[in-house]
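Engineer: First the structure, which I've put down as structure tokens, then a few questions once you've had a look.
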Amino acid sequence: MVNYGGDEVSALVVDIAIVSSYYGYTANASDGDVQMGEAEPKDDATSDTPKPKNDAKLYLGQHGPSIWRKGMEIGNPVRDGLISDYNPVPALMSHALVDVMRTNPSEHPILVTEPAWNTPADRERMAEIMFEEFQVPAFYIANTGVLNAFAAGKGSALVIDVGHSMASITPVVDGFVLRKGLVYSALPKLVHAHARHILVGSTQTRRGIDLYPHQLIANKSPVEPSAPPRFTLREDRMAGTTESWKTWYENREVDEWVQSVAGVLDQGWNEQAAAARQPRQYEFPTGYNTYFGPERYQVGEQFFYHSPQLIASNPNLPKNVPALLSESLRACDPDLRQVLMGNVVLTGGGSLFSGFADRLETELSRNFPHVKIHAPGNPIERRYGGWLGGSILASLGTFHQLWISKEEWQEHGKAIVGQRCK
Amino acid sequence: MVGFRDSSIVVIETGRTLIRAGAGLHELLKPPAVTFPARVGLRRSIGDGSNGASYTNGKPALRSGDSSDNIHPAESTSRASSLPHHSSPTAKVNDYLVGTQLDEALEAGQDILVSWPFADGDIRDWIQAEAIWKYVLFNQLSLRRAQNESPVLLSIAPGLSRDGSERICQIFFERFNVAGFAIVERPMAQLYAVSVLSGVVVDIGYEKTDVTPIYDGFAIHAAQTTTTLGIRDCQAYLAHLFRSNTSVMSIASSLDASNDPEATQRFLLDLVKHIWEEGLVRVPSDGQTIEPPEDEGVTDIAAVLVAGKEKAVIESGLKKKATAKASAAEQARAKEIEAMDLVTVQFRDHSLTIGKERHRFCEPLFDPTLLRTLPRSPGVEISEERVMPLQDAVGTSVLQTEVDQRQYIWQGLFVTGDLTNHVKGIGAALQSRLSPYILSNPDQQNDVQPRSIKVLSVPEYFAEYREKGDGLAAFLGSSIVAKVAFNDSQGKNFVSKTDYNEKGPKAVIEMSPALL
């Protein structure tokens with residue numbers, strides 16, 4: 001990978017995200033990325049004294065949620081981009097830093113990322129965990145919007161970050177977030193729900209599709225396209241499968257389907273254009289396979305356009321990308337708008353959705369004369385933009401005066417976090 | 001900068017339980033000259049004694065951050081090994097016995113603490129590691145520290161911390177005075193040996209099996225999986241099966257009159273080891289048991305053998321051919337034996353007849369629940385709750401990678417490890433069990449999902465490896481990397497002495513073939 005030039009700090013950069021968290025050193029971008037997700041098996045029904053939740057056995061990382069275990073529940077501390085449950089965080093951090101990176105956190109300064117809408121209490125809590133539990137020598141918490149702009153090599157940018165559960169637009173000017181222009185919505189969740197609806201719901205031509213994961217299927221035999229699947233379930237496992245594990249895995253199957261076949265038309269919704277595209281065949285773990293035609297483009301359309309019926313039926317509908325854009329720009333000064341539109345940075349794993357960048361370009365150039373979109377072609381750069389920017393920031397010589405050192409933490413306490421990390 | 005002479009290049013493969021090494025690269029890459037178990041021994045007197053100077057030439061050990069010990073999740077990693085490890089803060093490099101010294105000392109029944117410093121897929125103890133490498137270089141390969149003109153290529157477990165790599169680099173330059181140094185990760189080396197850049201490497205070791213998907217020349221560390229299954233489990237299983245073989249058991253019990261169950265178990269394990277190392281084991285490609293050939297109405301030969309009735313069966317078969325001539329009867333008998341797949345093994349001056357049950361050797365890899373029926377015996381701890389079968393480990397591991405990478409990764413299923421030196425067909429057996437993870441019908445119009453799995457093996461053109469099987473892939477791949485890296489006069493892929501003097505240990509991070 002690229003060498004970002006070097007200072008001697010060897011800081012650790014931790015980017016906590018909903019699907020995966022990625023951890024690495026700065027200076028040279030060596031990313032050891034770690035599948036995240038944690039799981040708590042329920043107490044055995046036979047044990048007489050139910051243990052408190054904190055004592056539940058955690059399964060993290062590689063041998064974590066993706067493996068079937070009897071009675072295992074799946075949890076995720078991140079909700080809507082914010083950490084909602086701090087209990088598993090130290091264990092997750094320890095897994096990433098000690099078990100996977102094989103480092104001793106007390107020897108490395110650590111830079112953590114936060115979404116732009118993080119609360120002061122949350123960042124103080126994170127600082128507390130890092131200083132008190134991991135004994136880090138120095139700490140800094142940086143905004144993903146700013147870091148994504150840095151990763152694209154820009155000081156001012158309009159960062160469009162489409163993640164797994166949240167889509168946000170952050171105007172960054174000279175390295176600072178314009179708070180009033182910050183907008184976000186749970187749009188990717190809507191897209192996911194729509195995709196799931198397409199698969200699970202039955203249509204005139206096919207029945208709803210079973211989304212059983214590999215681990216619950218004993219055997220399957222090949223069937224013709226669109227024929228009912230022939231498979232047997234692992235009855236020994238069905239009983240011990242928890243609802244949350246099943247949901248988690250079904251969502252994974254939906255995600256894989258989305259990544260494999262779904263797309264968005266680059267010129268806006270057009271029945272003929274969608275029908276003219278080649279249908280794609282896809283096989284599910286049950287062995288069921290079929291061709292997906294225009295419906296695979298309806299999925300992506302949810303990012304940009306919501307039908308009036310949908311809006312009418314759901315008052316809390318997450319705003320789509322054009323709505324977010326106009327809201328964000330309305331809040332910015334008119335003379336800034338031109339600068340921002342010339343520096344649009346598209347980032348986040350969700351933006352890798354097939355055709356997303358082209359469609360965004362169409363939507364933007366329809367309303368603005370001089371639009372320039374920076375969308376890295378390399379999926380790694382797109383997905384780990386926040387981490388990459390953090391890595392660049394932490395290896396800048398001028399950044400080192402910003403670290404909160406352990407001594408400062410001990411002297412000033414929590415207040416220092418808000419003062420230092422803008 | 002001047003390139004190195006091929007004859008001076010040293011390649012060291014550091015596996016979990018085995019060290020392989022060789023000096024000099026030849027036109028045809030040669031198999032390793034040195035092979036010995038990756039263990040060290042410490043005389044108990046020294047281990048306990050407080051004879052002064054501890055190792056001060058490096059950073060403090062990384063693994064046990066005492067501050068973070070108490071916040072480990074309950075089950076953090078399956079990486080940790082059950083092989084013994086004793087760390088002594090006072091022992092020095094020269095206190096450790098390695099290789100033949102250790103073998104002799106153990107043979108002589110001395111009181112020795114044995115440690116396996118690499119068994120975790122990490123380095124448990126730096127001094128022990130140094131002792132092993134030192135033994136390779138200066139004892140086995142007869143280099144001289146003062147005039148060391150050899151560059152060293154070290155292959156080691158993937159995912160070492162950067163500090164770990166730097167420390168290795170420091171040891172090789174400052175303690176061993178090497179002329180140049182490079183690190184390559186073992187799975188990468190193994191895949192290079194089969195000449196592809198994307199694939200999934202399954203490395204079956206003594207007690208652990210590592211599964212590493214690799215895409216386009218980069219190991220996907222996040223998707224790496226380790227399962228606690230290995231040769232040890234296979235041996236224990238087959239030894240258990242032999243207990244129902246009367247011919248084996250009669251000899252086993254005749255050996256020691258004392259009827260010591262442990263001695264019998266040891267005898268069985270040694271016998272099993274002998275059998276698979278002789279290459280007498282094959283792996284049936286599908287199904288949990290061997291398909292017996294439809295012959296003379298015998299449906300389950302394995303069962304017959306297990307019941308110890310093979311003679312009766314052969315005789316009954318012969319009776320059916322009683323009308324044939326005498327010579328034909330002879331042939332028929334030979335054919336019979338072939339069909340029954342009986343082999344006669346010479347083992348410790350005994351001649352043992354062993355049937356098809358030997359082919360069930362690898363079954364535990366695909367179905368670990370078989371191990372539950374085994375009586376617990378010393379040295380064989382049945383692992384805790386669930387152990388992932390090999391096919392599940394490989395399947396989940398590949399499912400952790402990106403959707404669009406998978407079809408390329410499935411094109412390179414490579415099974416390696418010591419077992420594959422002698423046992424053929426594990427790759428094919430694994431392939432047939434992995435079918436749930438690929439399309440059920442390869443003719444689909446589907447350019448995203450994987451259609452097929454391709455099993456790889458070491459190419460024929462490595463003449464020296466042709467008869468050796470796939471187990472030496474890590475050494476072969478390391479030799480290839482050594483040849484390429486050290487012959488590059490620009491020297492961007494190894495650390496030369498000059499680089500080390502300028503940049504220090506961290507040079508290894510930017511100048512190694514696999515660490516970036």
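Starting from 1 in every chain, residues are counted up; chains themselves are A, B, ... following the order of the structure tokens, and ligands are numbered from 1 as listed.
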Any chance you could list, as a ChimeraX atom specification, the residues in region 119-275 of chain B that come up strand (DSSP E) when DSSP is run on the backbone?

Structural biologist: /B:151-156,180-185,199-204,209-215,218-219,225-227

Engineer: Restrict the selected residues to N, CA, C and O atoms and save them as a compact mmCIF listing (two decimals), in the first residue's frame.

Structural biologist:
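Generated output (result-v9.txt):
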# COMPACT_ATOMS: atom_id res chain seq x y z
N PRO B 151 22.34 -13.77 3.38
CA PRO B 151 21.07 -13.14 3.69
C PRO B 151 20.07 -14.22 4.10
O PRO B 151 20.18 -15.36 3.67
N VAL B 152 19.11 -13.87 4.93
CA VAL B 152 18.15 -14.85 5.42
C VAL B 152 16.74 -14.44 5.03
O VAL B 152 16.36 -13.27 5.18
N LEU B 153 16.00 -15.39 4.50
CA LEU B 153 14.57 -15.16 4.31
C LEU B 153 13.83 -16.02 5.31
O LEU B 153 14.01 -17.24 5.35
N LEU B 154 13.02 -15.37 6.12
CA LEU B 154 12.30 -16.08 7.17
C LEU B 154 10.82 -16.10 6.82
O LEU B 154 10.23 -15.06 6.55
N SER B 155 10.22 -17.27 6.83
CA SER B 155 8.77 -17.30 6.66
C SER B 155 8.17 -17.62 8.01
O SER B 155 8.66 -18.47 8.74
N ILE B 156 7.10 -16.92 8.34
CA ILE B 156 6.55 -17.03 9.69
C ILE B 156 5.05 -16.84 9.64
O ILE B 156 4.49 -16.44 8.63
N GLY B 180 21.60 -9.79 4.98
CA GLY B 180 20.37 -9.21 4.48
C GLY B 180 19.23 -9.98 5.10
O GLY B 180 19.42 -11.11 5.58
N PHE B 181 18.01 -9.38 5.12
CA PHE B 181 16.93 -10.07 5.82
C PHE B 181 15.59 -9.71 5.19
O PHE B 181 15.36 -8.57 4.78
N ALA B 182 14.73 -10.67 5.12
CA ALA B 182 13.36 -10.41 4.65
C ALA B 182 12.42 -11.38 5.33
O ALA B 182 12.82 -12.49 5.69
N ILE B 183 11.17 -10.94 5.50
CA ILE B 183 10.15 -11.80 6.10
C ILE B 183 9.07 -12.04 5.08
O ILE B 183 8.68 -11.13 4.36
N VAL B 184 8.57 -13.26 5.01
CA VAL B 184 7.39 -13.52 4.19
C VAL B 184 6.41 -14.31 5.06
O VAL B 184 6.82 -15.11 5.90
N GLU B 185 5.13 -14.03 4.88
CA GLU B 185 4.14 -14.74 5.67
C GLU B 185 3.92 -16.13 5.09
O GLU B 185 3.85 -16.30 3.87
N GLY B 199 -6.38 -17.29 -3.66
CA GLY B 199 -6.76 -18.63 -3.28
C GLY B 199 -6.97 -18.72 -1.80
O GLY B 199 -6.92 -17.72 -1.08
N VAL B 200 -7.24 -19.93 -1.34
CA VAL B 200 -7.38 -20.13 0.09
C VAL B 200 -6.45 -21.27 0.49
O VAL B 200 -6.47 -22.34 -0.11
N VAL B 201 -5.59 -20.96 1.46
CA VAL B 201 -4.57 -21.93 1.88
C VAL B 201 -5.06 -22.63 3.14
O VAL B 201 -5.42 -21.98 4.12
N VAL B 202 -5.08 -23.94 3.12
CA VAL B 202 -5.47 -24.73 4.28
C VAL B 202 -4.22 -25.46 4.77
O VAL B 202 -3.71 -26.34 4.08
N ASP B 203 -3.73 -25.05 5.89
CA ASP B 203 -2.46 -25.59 6.39
C ASP B 203 -2.76 -26.49 7.59
O ASP B 203 -3.04 -26.01 8.68
N ILE B 204 -2.72 -27.80 7.36
CA ILE B 204 -3.06 -28.75 8.42
C ILE B 204 -1.81 -29.05 9.23
O ILE B 204 -0.87 -29.64 8.72
N THR B 209 -5.31 -26.22 12.45
CA THR B 209 -5.35 -26.03 11.01
C THR B 209 -5.66 -24.57 10.74
O THR B 209 -6.62 -24.03 11.26
N ASP B 210 -4.80 -23.94 9.97
CA ASP B 210 -4.98 -22.53 9.65
C ASP B 210 -5.58 -22.40 8.26
O ASP B 210 -5.11 -23.03 7.31
N VAL B 211 -6.59 -21.55 8.14
CA VAL B 211 -7.21 -21.30 6.85
C VAL B 211 -7.02 -19.82 6.53
O VAL B 211 -7.45 -18.97 7.30
N THR B 212 -6.36 -19.52 5.43
CA THR B 212 -6.10 -18.12 5.09
C THR B 212 -6.52 -17.84 3.66
O THR B 212 -5.93 -18.37 2.73
N PRO B 213 -7.55 -17.03 3.46
CA PRO B 213 -7.87 -16.61 2.10
C PRO B 213 -6.91 -15.50 1.65
O PRO B 213 -6.54 -14.64 2.45
N ILE B 214 -6.54 -15.57 0.40
CA ILE B 214 -5.61 -14.59 -0.15
C ILE B 214 -6.20 -14.07 -1.44
O ILE B 214 -6.66 -14.85 -2.27
N TYR B 215 -6.23 -12.75 -1.58
CA TYR B 215 -6.75 -12.19 -2.82
C TYR B 215 -5.71 -11.28 -3.45
O TYR B 215 -5.24 -10.34 -2.82
N PHE B 218 -2.56 -10.49 -1.52
CA PHE B 218 -2.62 -10.00 -0.14
C PHE B 218 -3.43 -10.97 0.71
O PHE B 218 -4.57 -11.30 0.36
N ALA B 219 -2.87 -11.39 1.80
CA ALA B 219 -3.62 -12.25 2.72
C ALA B 219 -4.71 -11.40 3.36
O ALA B 219 -4.48 -10.26 3.75
N THR B 225 -8.96 -18.01 9.62
CA THR B 225 -9.63 -18.86 10.59
C THR B 225 -8.67 -19.95 11.05
O THR B 225 -7.88 -20.45 10.26
N THR B 226 -8.76 -20.29 12.31
CA THR B 226 -7.98 -21.41 12.80
C THR B 226 -8.93 -22.36 13.49
O THR B 226 -9.79 -21.94 14.26
N THR B 227 -8.81 -23.64 13.19
CA THR B 227 -9.64 -24.60 13.88
C THR B 227 -8.74 -25.62 14.57
O THR B 227 -7.66 -25.93 14.09

Engineer: Would you mind listing what lies within 9 Å of region 424-435 of chain B as number ranges by chain, with only C-alpha atoms counted and same-chain residues fewer than 3 positions away left out?

Structural biologist: B: 279, 281-287, 362, 366, 390-392, 394-395, 413-416, 419-421, 438-440, 452-457, 469

Engineer: Please identify all polymer residues within 12 Å of Asn378 (chain A), counting only C-alpha atoms, omitting same-chain residues fewer than 3 positions from it, and present them as a compact mmCIF listing (two decimals) with N, CA, C and O atoms, in the first residue's frame.

Structural biologist:
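The resulting file, selection.txt, is reproduced below:
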# COMPACT_ATOMS: atom_id res chain seq x y z
N MET A 1 0.83 -1.21 0.00
CA MET A 1 0.00 0.00 0.00
C MET A 1 0.86 1.24 0.00
O MET A 1 2.08 1.17 -0.04
N THR A 347 -18.06 8.84 -0.09
CA THR A 347 -17.33 7.83 0.68
C THR A 347 -18.31 6.92 1.41
O THR A 347 -19.53 7.11 1.34
N GLY A 348 -17.79 5.93 2.09
CA GLY A 348 -18.62 4.98 2.84
C GLY A 348 -18.90 3.73 2.02
O GLY A 348 -19.01 3.79 0.79
N GLY A 349 -19.02 2.60 2.71
CA GLY A 349 -19.23 1.34 2.02
C GLY A 349 -20.52 1.31 1.22
O GLY A 349 -20.57 0.72 0.15
N SER A 351 -21.78 3.57 -0.51
CA SER A 351 -21.67 4.29 -1.78
C SER A 351 -21.08 3.40 -2.86
O SER A 351 -21.01 3.79 -4.02
N LEU A 352 -20.63 2.21 -2.49
CA LEU A 352 -20.11 1.28 -3.50
C LEU A 352 -21.25 0.60 -4.25
O LEU A 352 -21.01 -0.17 -5.17
N HIS A 374 -15.38 13.66 -6.09
CA HIS A 374 -14.21 12.81 -5.83
C HIS A 374 -14.72 11.49 -5.27
O HIS A 374 -15.21 11.43 -4.14
N ALA A 375 -14.66 10.44 -6.08
CA ALA A 375 -15.11 9.12 -5.62
C ALA A 375 -14.02 8.11 -5.93
O ALA A 375 -13.87 7.70 -7.08
N GLU A 381 -10.35 2.27 -0.38
CA GLU A 381 -10.29 3.70 -0.04
C GLU A 381 -11.68 4.25 0.26
O GLU A 381 -11.84 5.09 1.13
N ARG A 382 -12.65 3.78 -0.48
CA ARG A 382 -14.01 4.27 -0.28
C ARG A 382 -14.53 3.81 1.08
O ARG A 382 -15.12 4.56 1.83
N ARG A 383 -14.30 2.54 1.37
CA ARG A 383 -14.89 1.98 2.58
C ARG A 383 -14.19 2.47 3.83
O ARG A 383 -14.81 2.70 4.85
N TYR A 384 -12.88 2.58 3.76
CA TYR A 384 -12.12 2.93 4.96
C TYR A 384 -11.61 4.36 4.92
O TYR A 384 -10.57 4.66 5.47
N GLY A 385 -12.38 5.24 4.26
CA GLY A 385 -11.95 6.63 4.14
C GLY A 385 -11.67 7.27 5.49
O GLY A 385 -10.71 8.01 5.65

Engineer: For region 122-182 of chain A versus region 334-341 of chain A, which residues have an atom no more than 8 Å away, and what is each residue's nearest atom pair and distance in Å rounded to one decimal, using only C-alpha atoms, chain-then-number order, as CSV?

Structural biologist:
residue,atom,partner,partner_atom,distance
A:Ser156,CA,A:Leu340,CA,6.9
A:Ala157,CA,A:Leu340,CA,5.2
A:Leu158,CA,A:Leu340,CA,5.2
A:Pro171,CA,A:Leu340,CA,7.1

Engineer: Between CA of Leu370 (chain B) and CA of Cys234 (chain B), what is the distance, to one decimal in Å?

Structural biologist: 10.2 Å

Engineer: Which distance in Å separates CA of Leu399 (chain B) and CA of Arg451 (chain B), to one decimal?

Structural biologist: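 Separating CA of Leu399 (chain B) from CA of Arg451 (chain B) is a distance of 14.4 Å.
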
Engineer: Enter the distance from CA of Ala96 (chain A) to CA of Glu128 (chain A), in Å, rounded to one decimal.

Structural biologist: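 It comes out at 17.9 Å.
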
Engineer: Write out as a list in words each polymer residue whose atoms come within 12 Å of Thr100 (chain B), counting only C-alpha atoms; drop sequence neighbours fewer than 5 positions from it.

Structural biologist: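 The residues satisfying every condition are Val34, Thr35, Phe36, Pro37, Ala38, Arg39, Val40, Gly41, Ala105, Leu106, Glu107, Ile132, Tyr135, Val136, Asn139 and Gln140 of chain B.
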
Engineer: Keeping all heavy atoms, export the residues of the selection given above as a CSV table (one decimal), in the first residue's frame.

Structural biologist:
chain,number,residue,atom,x,y,z
B,34,VAL,N,17.3,-29.1,6.4
B,34,VAL,CA,17.2,-29.3,7.8
B,34,VAL,C,15.7,-29.3,8.2
B,34,VAL,O,15.0,-28.4,7.8
B,34,VAL,CB,17.9,-28.1,8.5
B,34,VAL,CG1,17.8,-28.3,10.0
B,34,VAL,CG2,19.3,-27.9,8.1
B,35,THR,N,15.3,-30.2,9.0
B,35,THR,CA,14.0,-30.2,9.5
B,35,THR,C,14.0,-30.7,10.9
B,35,THR,O,14.6,-31.8,11.2
B,35,THR,CB,13.0,-31.2,8.7
B,35,THR,OG1,13.1,-30.8,7.3
B,35,THR,CG2,11.6,-31.1,9.2
B,36,PHE,N,13.5,-30.0,11.8
B,36,PHE,CA,13.4,-30.5,13.2
B,36,PHE,C,12.2,-29.8,13.9
B,36,PHE,O,11.7,-28.7,13.5
B,36,PHE,CB,14.7,-30.2,14.0
B,36,PHE,CG,15.1,-28.8,14.2
B,36,PHE,CD1,14.7,-28.1,15.3
B,36,PHE,CD2,15.8,-28.1,13.2
B,36,PHE,CE1,15.1,-26.8,15.5
B,36,PHE,CE2,16.1,-26.8,13.3
B,36,PHE,CZ,15.8,-26.1,14.5
B,37,PRO,N,11.7,-30.4,15.0
B,37,PRO,CA,10.6,-29.8,15.7
B,37,PRO,C,10.9,-28.5,16.3
B,37,PRO,O,12.0,-28.3,16.8
B,37,PRO,CB,10.2,-30.9,16.7
B,37,PRO,CG,11.3,-31.8,16.8
B,37,PRO,CD,12.1,-31.7,15.6
B,38,ALA,N,9.9,-27.6,16.3
B,38,ALA,CA,10.2,-26.2,16.8
B,38,ALA,C,10.0,-26.2,18.3
B,38,ALA,O,9.0,-25.6,18.8
B,38,ALA,CB,9.2,-25.2,16.1
B,39,ARG,N,10.8,-26.9,19.0
B,39,ARG,CA,10.7,-26.9,20.4
B,39,ARG,C,12.1,-26.7,21.1
B,39,ARG,O,13.1,-26.9,20.5
B,39,ARG,CB,10.1,-28.2,20.9
B,39,ARG,CG,10.9,-29.4,20.5
B,39,ARG,CD,10.4,-30.7,21.0
B,39,ARG,NE,11.3,-31.8,20.6
B,39,ARG,CZ,11.0,-33.1,20.9
B,39,ARG,NH1,9.9,-33.4,21.5
B,39,ARG,NH2,11.9,-34.0,20.6
B,40,VAL,N,12.0,-26.2,22.2
B,40,VAL,CA,13.3,-26.0,23.0
B,40,VAL,C,13.1,-26.6,24.4
B,40,VAL,O,12.0,-26.8,24.8
B,40,VAL,CB,13.6,-24.5,23.2
B,40,VAL,CG1,13.9,-23.8,21.9
B,40,VAL,CG2,12.5,-23.8,23.9
B,41,GLY,N,14.2,-27.0,24.9
B,41,GLY,CA,14.2,-27.6,26.3
B,41,GLY,C,15.0,-26.8,27.2
B,41,GLY,O,16.0,-26.2,26.8
B,105,ALA,N,18.9,-35.3,25.1
B,105,ALA,CA,18.7,-35.1,26.5
B,105,ALA,C,17.4,-35.8,27.0
B,105,ALA,O,17.3,-36.4,28.0
B,105,ALA,CB,18.7,-33.6,26.8
B,106,LEU,N,16.4,-35.7,26.1
B,106,LEU,CA,15.1,-36.3,26.5
B,106,LEU,C,15.2,-37.9,26.5
B,106,LEU,O,14.7,-38.5,27.3
B,106,LEU,CB,14.0,-35.9,25.5
B,106,LEU,CG,13.5,-34.5,25.6
B,106,LEU,CD1,12.6,-34.2,24.4
B,106,LEU,CD2,12.8,-34.3,26.9
B,107,GLU,N,16.0,-38.3,25.5
B,107,GLU,CA,16.3,-39.8,25.4
B,107,GLU,C,16.9,-40.3,26.7
B,107,GLU,O,16.6,-41.3,27.2
B,107,GLU,CB,17.2,-40.0,24.2
B,107,GLU,CG,17.2,-41.4,23.7
B,107,GLU,CD,16.0,-41.7,22.7
B,107,GLU,OE1,15.2,-40.8,22.6
B,107,GLU,OE2,16.0,-42.7,22.2
B,132,ILE,N,16.2,-21.1,18.8
B,132,ILE,CA,15.9,-22.0,17.7
B,132,ILE,C,16.6,-21.5,16.4
B,132,ILE,O,17.3,-22.2,15.7
B,132,ILE,CB,14.4,-22.1,17.5
B,132,ILE,CG1,13.9,-23.0,18.6
B,132,ILE,CG2,14.1,-22.7,16.1
B,132,ILE,CD1,12.4,-23.3,18.5
B,135,TYR,N,20.3,-21.9,16.4
B,135,TYR,CA,20.7,-23.3,16.2
B,135,TYR,C,20.7,-23.7,14.7
B,135,TYR,O,21.6,-24.3,14.2
B,135,TYR,CB,19.7,-24.2,17.0
B,135,TYR,CG,19.9,-25.7,16.7
B,135,TYR,CD1,20.8,-26.4,17.4
B,135,TYR,CD2,19.0,-26.4,15.9
B,135,TYR,CE1,21.0,-27.8,17.2
B,135,TYR,CE2,19.2,-27.7,15.7
B,135,TYR,CZ,20.2,-28.4,16.3
B,135,TYR,OH,20.3,-29.8,16.1
B,136,VAL,N,19.6,-23.1,14.0
B,136,VAL,CA,19.6,-23.4,12.6
B,136,VAL,C,20.8,-22.8,11.9
B,136,VAL,O,21.4,-23.5,11.1
B,136,VAL,CB,18.3,-22.8,12.0
B,136,VAL,CG1,18.3,-22.9,10.5
B,136,VAL,CG2,17.0,-23.4,12.5
B,139,ASN,N,24.5,-23.9,13.9
B,139,ASN,CA,24.7,-25.3,14.2
B,139,ASN,C,24.4,-26.2,12.9
B,139,ASN,O,25.3,-26.9,12.4
B,139,ASN,CB,23.9,-25.7,15.4
B,139,ASN,CG,24.3,-27.0,16.0
B,139,ASN,OD1,24.6,-27.9,15.2
B,139,ASN,ND2,24.4,-27.1,17.3
B,140,GLN,N,23.2,-26.1,12.5
B,140,GLN,CA,22.8,-26.9,11.4
B,140,GLN,C,23.3,-26.5,10.0
B,140,GLN,O,23.7,-27.3,9.2
B,140,GLN,CB,21.2,-26.9,11.3
B,140,GLN,CG,20.6,-27.6,12.5
B,140,GLN,CD,20.8,-29.1,12.4
B,140,GLN,OE1,20.5,-29.8,11.5
B,140,GLN,NE2,21.4,-29.7,13.5

Engineer: Of the residues A:Glu301, A:Glu363, A:Asp210, A:Glu133, which is the one nearest to chain B, using only C-alpha atoms?

Structural biologist: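 Nearest to chain B: A:Glu133.
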
Engineer: Among region 384-420 of chain B, which ones does DSSP place in alpha helix (DSSP H), written as a list in words?

Structural biologist: Leu390, Gln391, Asp392, Ala393, Val394, Gly395, Thr396, Ser397, Val398, Leu399, Arg406, Gln407, Tyr408, Ile409, Leu419 and Thr420 of chain B

Engineer: Got a sec: who's within 8 Å of region 471-485 of chain B, counting only C-alpha atoms, leaving out chain neighbours fewer than 4 positions off, as a ChimeraX atom specification?

Structural biologist: /B:6,9,11-13,20-21,25,29-32,153-155,184,186-194,416-421,458,465,491-494,513

Engineer: Can you list, as a ChimeraX atom specification, every protein, DNA or RNA residue that comes within 7 Å of Ser161 (chain B) when you count only C-alpha atoms, leaving out same-chain residues fewer than 4 positions away?

Structural biologist: /A:101-103 /B:165

Engineer: Quick one: residues within 10 Å of Ala146 (chain B), only C-alpha atoms counted, chain neighbours fewer than 5 positions away excluded, as a PyMOL selection string?

Structural biologist: chain B and resi 176-178

Engineer: Just to be explicit: take each residue in the selection above, keep N, CA, C and O atoms, and write the result as a PDB file, in the first residue's frame.

Structural biologist:
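Saved result, selection-v2.pdb, follows:
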ATOM      1  N   PHE B 176      22.677 -12.265  14.964  1.00  0.00           N
ATOM      2  CA  PHE B 176      23.189 -13.252  14.014  1.00  0.00           C
ATOM      3  C   PHE B 176      24.047 -12.618  12.924  1.00  0.00           C
ATOM      4  O   PHE B 176      24.622 -13.328  12.115  1.00  0.00           O
ATOM      5  N   ASN B 177      24.095 -11.301  12.864  1.00  0.00           N
ATOM      6  CA  ASN B 177      24.953 -10.626  11.911  1.00  0.00           C
ATOM      7  C   ASN B 177      24.675 -11.060  10.473  1.00  0.00           C
ATOM      8  O   ASN B 177      25.593 -11.375   9.712  1.00  0.00           O
ATOM      9  N   VAL B 178      23.414 -11.128  10.077  1.00  0.00           N
ATOM     10  CA  VAL B 178      23.104 -11.559   8.718  1.00  0.00           C
ATOM     11  C   VAL B 178      23.411 -10.433   7.732  1.00  0.00           C
ATOM     12  O   VAL B 178      23.476  -9.261   8.096  1.00  0.00           O
TER      13      VAL B 178
END

Engineer: From the list B:Lys134, B:Arg162, B:Arg360, B:His221, which residue is nearest Leu12 (chain A) when using only C-alpha atoms?

Structural biologist: B:Arg162

Engineer: Restricting the calculation to only C-alpha atoms: of B:Ser7, B:Gln400, B:Thr498, B:Gln411, which residue gets closest to chain A?

Structural biologist: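 For chain A, the nearest of the candidates is B:Gln400.
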